[in-house]
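Novice: This is the structure I have questions about; it appears just below.
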Amino acid sequence: MNETTERLTRSGRFRKAITDFIEARREAKLKGKEEDADTDAASRYEYGTWLADAARRVGQIQAVTHVLKATHPDARGSSLHVPPHTLPRHPEIGSHVLGNDFAEDVVGNAAALDVFKFLKIEVDGRRLLDWMQTGDVDLRDALHADAATAQEWMKAFSALVRSDGKPGSHEAAKQLYWLAEGSANDDAGYHLLQPMFSSSLAHAVHADIQDARFGEDNKAARQAFRAREAHAVPYRDYRNLVMRKLGGTKPQNISQLNSERGGVNYLLASLPPSWDTGQPQKLLNQTSAMDRLSWFPGVRDTVKQLAEFLLSDPPPTEPTRRHRSALEQELGMQLAIFAVEAQVRFEPGWTRSEHCTLPLHQQVWLDPERVELDPREAPEEAEEDAAFIAAWVAGHWADEVAGDFANWVNARLHAAGLTSVGDAEYQHWARQAIVDATWPVPRQRRAAQGGKA
């Protein structure tokens, strides 16, 4: 095979990969529509038309490693792209430990994220973005027959990774004065620093924690540990975790990686290790876990604020809607954290206790890893374990928990003096409930019809 033929073959591989991507986007966009029903939409997915539009839209997003909006969603300053291997080495854990193996994040217009997915297509073991940054001739030929047009597109796509000429901070960004030299009494010795959230490091930590909790290898190691059996690899466990939700119900507004994590960012316990997980005494001998939710930190105060706000009969304005929505989302998040704490603190299987009188759907919610345990031998206990697994698989438990939450909120508001709450409010509160917060992607659930408090 001569050099020209080889180049044509390689250029063809680039073109096929790009064509397949665009075609997949087109099919997803037009799925379910009648043939020729949307000719204009279909024309937008022609090869050259889509690439030209993508080259225009790529300027709306930016590849970064450190995301400013993770500090505050209203911050309008600069996010940074700092490859971990370029950072100074030091013994403490930081972004530098990632080396060359790190995930790039993207910030900007969420509607242009399909361009980033396009640039991540791999051909011959490298991303299209990497080939474009090196000015690959075969990729240029695959993009457009006109070399000048193709070169212009490659330049536009390569600019996904860029730095602001003059990085800027913002009043919503966290900043601190750091004494760099001299006396603490001398203001001139301080530098004003802005700590940056390393999204790439957070993503690596999240992946490791998820693997420890749900990965098949660690599940096998966990089962061996509980059975007191030897195993080829260590059993990893993260205890006393706290989950911080970034972006609320719109995690994509923070960044692409934050969206992939469903907004979940784990915080490790900042205290010496303590392996005594204790017993879930407060959840035993209870007919509903919602009876304990009232005592969860911050919950009573949030309910009180919501009740007082609604009792004040606020005007139907945008500030009113935003304030009410913030309180409602806070309640939904506290419900999720309540479940996370139970799942992290208590050993899987605690709901098998004869003193656990919670309804089955709440047991599944608070003790999901029980499904990994071997069934018990006694016939009645084995039947209970089978029912537990069946409920977990069916998935209706999440909607039922959302209904319990809605009834609980209605009851609290009714007790506070809001006598008009009923079915409509029940449906509204159920939609606020973030139930399966420890699943890979948290989802809000809708409860079944009815269920007044």
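Following the order of the structure tokens, first chain is A, next is B, and so on, with residues numbered from 1 inside each chain and ligands from 1 in the order they appear.
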DSSP on the backbone, then: every residue of segment 102-277 of chain A marked strand (DSSP E or B), written as number ranges by chain.

Specialist: A: 105-108, 122-123, 126-127, 176-179, 190-193, 197-198, 242-245, 264-267

Novice: Can I get the selection written as a short mmCIF file (atom, residue, chain, number, x, y, z; two decimals), in the first residue's frame, with N, CA and C atoms?

Specialist:
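The resulting file, again.cif, is shown below:
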```cif
data_model
loop_
_atom_site.label_atom_id
_atom_site.label_comp_id
_atom_site.auth_asym_id
_atom_site.auth_seq_id
_atom_site.Cartn_x
_atom_site.Cartn_y
_atom_site.Cartn_z
N ASP A 105 -12.99 18.78 32.13
CA ASP A 105 -14.35 19.25 32.31
C ASP A 105 -14.66 20.31 31.26
N VAL A 106 -15.93 20.64 31.13
CA VAL A 106 -16.35 21.67 30.19
C VAL A 106 -17.35 22.58 30.87
N VAL A 107 -17.17 23.89 30.69
CA VAL A 107 -18.11 24.87 31.22
C VAL A 107 -18.63 25.71 30.05
N GLY A 108 -19.74 26.38 30.27
CA GLY A 108 -20.31 27.22 29.23
C GLY A 108 -21.74 26.82 28.92
N GLU A 122 -12.82 8.96 19.49
CA GLU A 122 -11.45 8.44 19.36
C GLU A 122 -11.27 7.76 18.01
N VAL A 123 -10.17 8.09 17.37
CA VAL A 123 -9.74 7.45 16.13
C VAL A 123 -8.26 7.11 16.30
N ARG A 126 -6.68 8.12 19.77
CA ARG A 126 -6.62 9.50 20.25
C ARG A 126 -7.91 10.22 19.90
N ARG A 127 -8.23 11.25 20.70
CA ARG A 127 -9.45 12.02 20.46
C ARG A 127 -9.28 12.91 19.23
N LEU A 176 -9.35 34.75 50.02
CA LEU A 176 -8.77 34.87 51.36
C LEU A 176 -7.43 35.58 51.27
N TYR A 177 -7.10 36.27 52.34
CA TYR A 177 -5.80 36.93 52.43
C TYR A 177 -4.81 35.96 53.07
N TRP A 178 -3.66 35.78 52.42
CA TRP A 178 -2.64 34.83 52.87
C TRP A 178 -1.36 35.60 53.18
N LEU A 179 -0.86 35.42 54.40
CA LEU A 179 0.36 36.10 54.80
C LEU A 179 1.55 35.45 54.11
N TYR A 190 0.45 40.54 52.69
CA TYR A 190 -0.60 39.59 52.35
C TYR A 190 -0.82 39.51 50.84
N HIS A 191 -1.11 38.30 50.37
CA HIS A 191 -1.56 38.09 49.01
C HIS A 191 -3.03 37.69 49.05
N LEU A 192 -3.81 38.19 48.13
CA LEU A 192 -5.21 37.80 48.03
C LEU A 192 -5.32 36.59 47.12
N LEU A 193 -5.74 35.47 47.68
CA LEU A 193 -5.82 34.22 46.94
C LEU A 193 -7.28 33.83 46.69
N PHE A 197 -11.83 25.20 42.67
CA PHE A 197 -12.36 23.84 42.80
C PHE A 197 -11.82 22.98 41.67
N SER A 198 -11.07 21.94 42.02
CA SER A 198 -10.52 21.05 41.01
C SER A 198 -11.56 20.01 40.62
N VAL A 242 -20.16 12.74 53.51
CA VAL A 242 -21.20 13.75 53.36
C VAL A 242 -21.31 14.06 51.88
N MET A 243 -22.52 14.22 51.39
CA MET A 243 -22.72 14.52 49.99
C MET A 243 -23.09 15.99 49.83
N ARG A 244 -22.30 16.69 49.02
CA ARG A 244 -22.62 18.08 48.70
C ARG A 244 -23.19 18.13 47.30
N LYS A 245 -24.34 18.76 47.17
CA LYS A 245 -25.03 18.82 45.88
C LYS A 245 -24.70 20.16 45.22
N VAL A 264 -23.55 15.26 42.48
CA VAL A 264 -23.06 14.68 43.73
C VAL A 264 -21.55 14.89 43.86
N ASN A 265 -21.15 15.51 44.95
CA ASN A 265 -19.73 15.65 45.28
C ASN A 265 -19.53 15.21 46.71
N TYR A 266 -18.78 14.15 46.90
CA TYR A 266 -18.59 13.58 48.22
C TYR A 266 -17.56 14.37 49.02
N LEU A 267 -17.82 14.53 50.30
CA LEU A 267 -16.86 15.13 51.22
C LEU A 267 -16.44 14.05 52.21
#
```

Novice: Skip Asp138 of chain A itself and residues of its chain fewer than 2 positions away, then list as a list in words all residues within 10 Å of it, counting only C-alpha atoms.

Specialist: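 Surrounding residues, per the criterion: Glu6, Arg7, Leu8, Thr9, Arg10, Ser11, Gly12, Arg13, Phe14, Arg15, Trp131, Gly135, Asp136, Arg140, Asp141, Ala142 and Leu143 of chain A.
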
Novice: Compile the contact shell of Gly349 of chain A as an MDAnalysis selection string: residues with an atom at most 8 Å away, counting only C-alpha atoms, same-chain residues fewer than 5 positions apart removed.

Specialist: chainID A and resid 367 369:370 373

Novice: Taking only C-alpha atoms into account, which of A:Val299, A:Ala342, A:Leu283, A:Leu113 comes nearest Leu241 of chain A?

Specialist: A:Ala342

Novice: Given only C-alpha atoms as the basis, pick out the residue of A:Asp404, A:Asp399, A:Glu377, A:Glu171 nearest to Leu358 of chain A.

Specialist: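 Ranking A:Asp404, A:Asp399, A:Glu377, A:Glu171 by distance to Leu358 of chain A, first place goes to A:Asp404.
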
Novice: Segment 273-319 of chain A: which residues are helix (DSSP H, G or I) by DSSP, as an MDAnalysis selection string?

Specialist: chainID A and resid 281:283 290:293 299:311 318:319

Novice: To one decimal place, how far is atom CA of Asp74 of chain A from atom CA of Gly248 of chain A in Å?

Specialist: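 Between atom CA of Asp74 of chain A and atom CA of Gly248 of chain A the gap is 12.9 Å.
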
Novice: If we count only C-alpha atoms, what is near Glu152 of chain A at a cut-off of 12 Å, once residues fewer than 2 positions away on the same chain are taken out, given as a PyMOL selection string?

Specialist: chain A and resi 51-52+55-56+132+135+140+143-144+146-150+154-159

Novice: Using the selection just defined, write its residues with N, CA and C atoms as a PDB file, in the first residue's frame.

Specialist:
```pdb
ATOM      1  N   LEU A  51     -20.938  20.332  10.840  1.00  0.00           N
ATOM      2  CA  LEU A  51     -19.577  20.696  11.237  1.00  0.00           C
ATOM      3  C   LEU A  51     -19.399  22.213  11.270  1.00  0.00           C
ATOM      4  N   ALA A  52     -19.951  22.906  10.298  1.00  0.00           N
ATOM      5  CA  ALA A  52     -19.838  24.364  10.286  1.00  0.00           C
ATOM      6  C   ALA A  52     -20.519  24.966  11.508  1.00  0.00           C
ATOM      7  N   ALA A  55     -18.427  24.197  14.631  1.00  0.00           N
ATOM      8  CA  ALA A  55     -17.253  25.065  14.709  1.00  0.00           C
ATOM      9  C   ALA A  55     -17.625  26.453  15.212  1.00  0.00           C
ATOM     10  N   ARG A  56     -18.850  26.874  14.910  1.00  0.00           N
ATOM     11  CA  ARG A  56     -19.314  28.166  15.419  1.00  0.00           C
ATOM     12  C   ARG A  56     -19.670  28.082  16.901  1.00  0.00           C
ATOM     13  N   MET A 132      -6.665  17.395  16.158  1.00  0.00           N
ATOM     14  CA  MET A 132      -6.799  18.759  15.653  1.00  0.00           C
ATOM     15  C   MET A 132      -5.725  19.675  16.218  1.00  0.00           C
ATOM     16  N   GLY A 135      -2.713  19.433  14.306  1.00  0.00           N
ATOM     17  CA  GLY A 135      -2.841  19.798  12.897  1.00  0.00           C
ATOM     18  C   GLY A 135      -2.784  18.617  11.951  1.00  0.00           C
ATOM     19  N   ARG A 140      -7.811  16.891   8.579  1.00  0.00           N
ATOM     20  CA  ARG A 140      -8.163  18.097   7.828  1.00  0.00           C
ATOM     21  C   ARG A 140      -8.846  17.730   6.512  1.00  0.00           C
ATOM     22  N   LEU A 143     -12.443  16.635   7.087  1.00  0.00           N
ATOM     23  CA  LEU A 143     -13.396  17.649   7.503  1.00  0.00           C
ATOM     24  C   LEU A 143     -14.036  18.354   6.317  1.00  0.00           C
ATOM     25  N   HIS A 144     -13.223  18.770   5.355  1.00  0.00           N
ATOM     26  CA  HIS A 144     -13.762  19.542   4.232  1.00  0.00           C
ATOM     27  C   HIS A 144     -12.797  19.456   3.056  1.00  0.00           C
ATOM     28  N   ASP A 146     -12.138  21.756   0.985  1.00  0.00           N
ATOM     29  CA  ASP A 146     -11.379  23.000   0.914  1.00  0.00           C
ATOM     30  C   ASP A 146     -10.440  23.083   2.113  1.00  0.00           C
ATOM     31  N   ALA A 147      -9.144  23.073   1.863  1.00  0.00           N
ATOM     32  CA  ALA A 147      -8.161  23.030   2.939  1.00  0.00           C
ATOM     33  C   ALA A 147      -8.272  24.239   3.856  1.00  0.00           C
ATOM     34  N   ALA A 148      -8.550  25.409   3.303  1.00  0.00           N
ATOM     35  CA  ALA A 148      -8.638  26.621   4.121  1.00  0.00           C
ATOM     36  C   ALA A 148      -9.814  26.540   5.097  1.00  0.00           C
ATOM     37  N   THR A 149     -10.961  26.055   4.591  1.00  0.00           N
ATOM     38  CA  THR A 149     -12.135  25.901   5.462  1.00  0.00           C
ATOM     39  C   THR A 149     -11.868  24.876   6.556  1.00  0.00           C
ATOM     40  N   ALA A 150     -11.275  23.752   6.161  1.00  0.00           N
ATOM     41  CA  ALA A 150     -10.970  22.712   7.151  1.00  0.00           C
ATOM     42  C   ALA A 150      -9.996  23.230   8.205  1.00  0.00           C
ATOM     43  N   MET A 154     -10.542  23.454  12.239  1.00  0.00           N
ATOM     44  CA  MET A 154      -9.625  22.826  13.189  1.00  0.00           C
ATOM     45  C   MET A 154      -9.117  23.844  14.210  1.00  0.00           C
ATOM     46  N   LYS A 155      -8.870  25.049  13.770  1.00  0.00           N
ATOM     47  CA  LYS A 155      -8.429  26.100  14.691  1.00  0.00           C
ATOM     48  C   LYS A 155      -9.518  26.420  15.699  1.00  0.00           C
ATOM     49  N   ALA A 156     -10.765  26.491  15.226  1.00  0.00           N
ATOM     50  CA  ALA A 156     -11.887  26.791  16.122  1.00  0.00           C
ATOM     51  C   ALA A 156     -12.075  25.672  17.143  1.00  0.00           C
ATOM     52  N   PHE A 157     -12.039  24.418  16.690  1.00  0.00           N
ATOM     53  CA  PHE A 157     -12.213  23.291  17.607  1.00  0.00           C
ATOM     54  C   PHE A 157     -11.066  23.211  18.610  1.00  0.00           C
ATOM     55  N   SER A 158      -9.852  23.473  18.160  1.00  0.00           N
ATOM     56  CA  SER A 158      -8.694  23.389  19.055  1.00  0.00           C
ATOM     57  C   SER A 158      -8.779  24.416  20.173  1.00  0.00           C
ATOM     58  N   ALA A 159      -9.486  25.526  19.911  1.00  0.00           N
ATOM     59  CA  ALA A 159      -9.606  26.585  20.911  1.00  0.00           C
ATOM     60  C   ALA A 159     -10.526  26.194  22.070  1.00  0.00           C
TER      61      ALA A 159
END
```
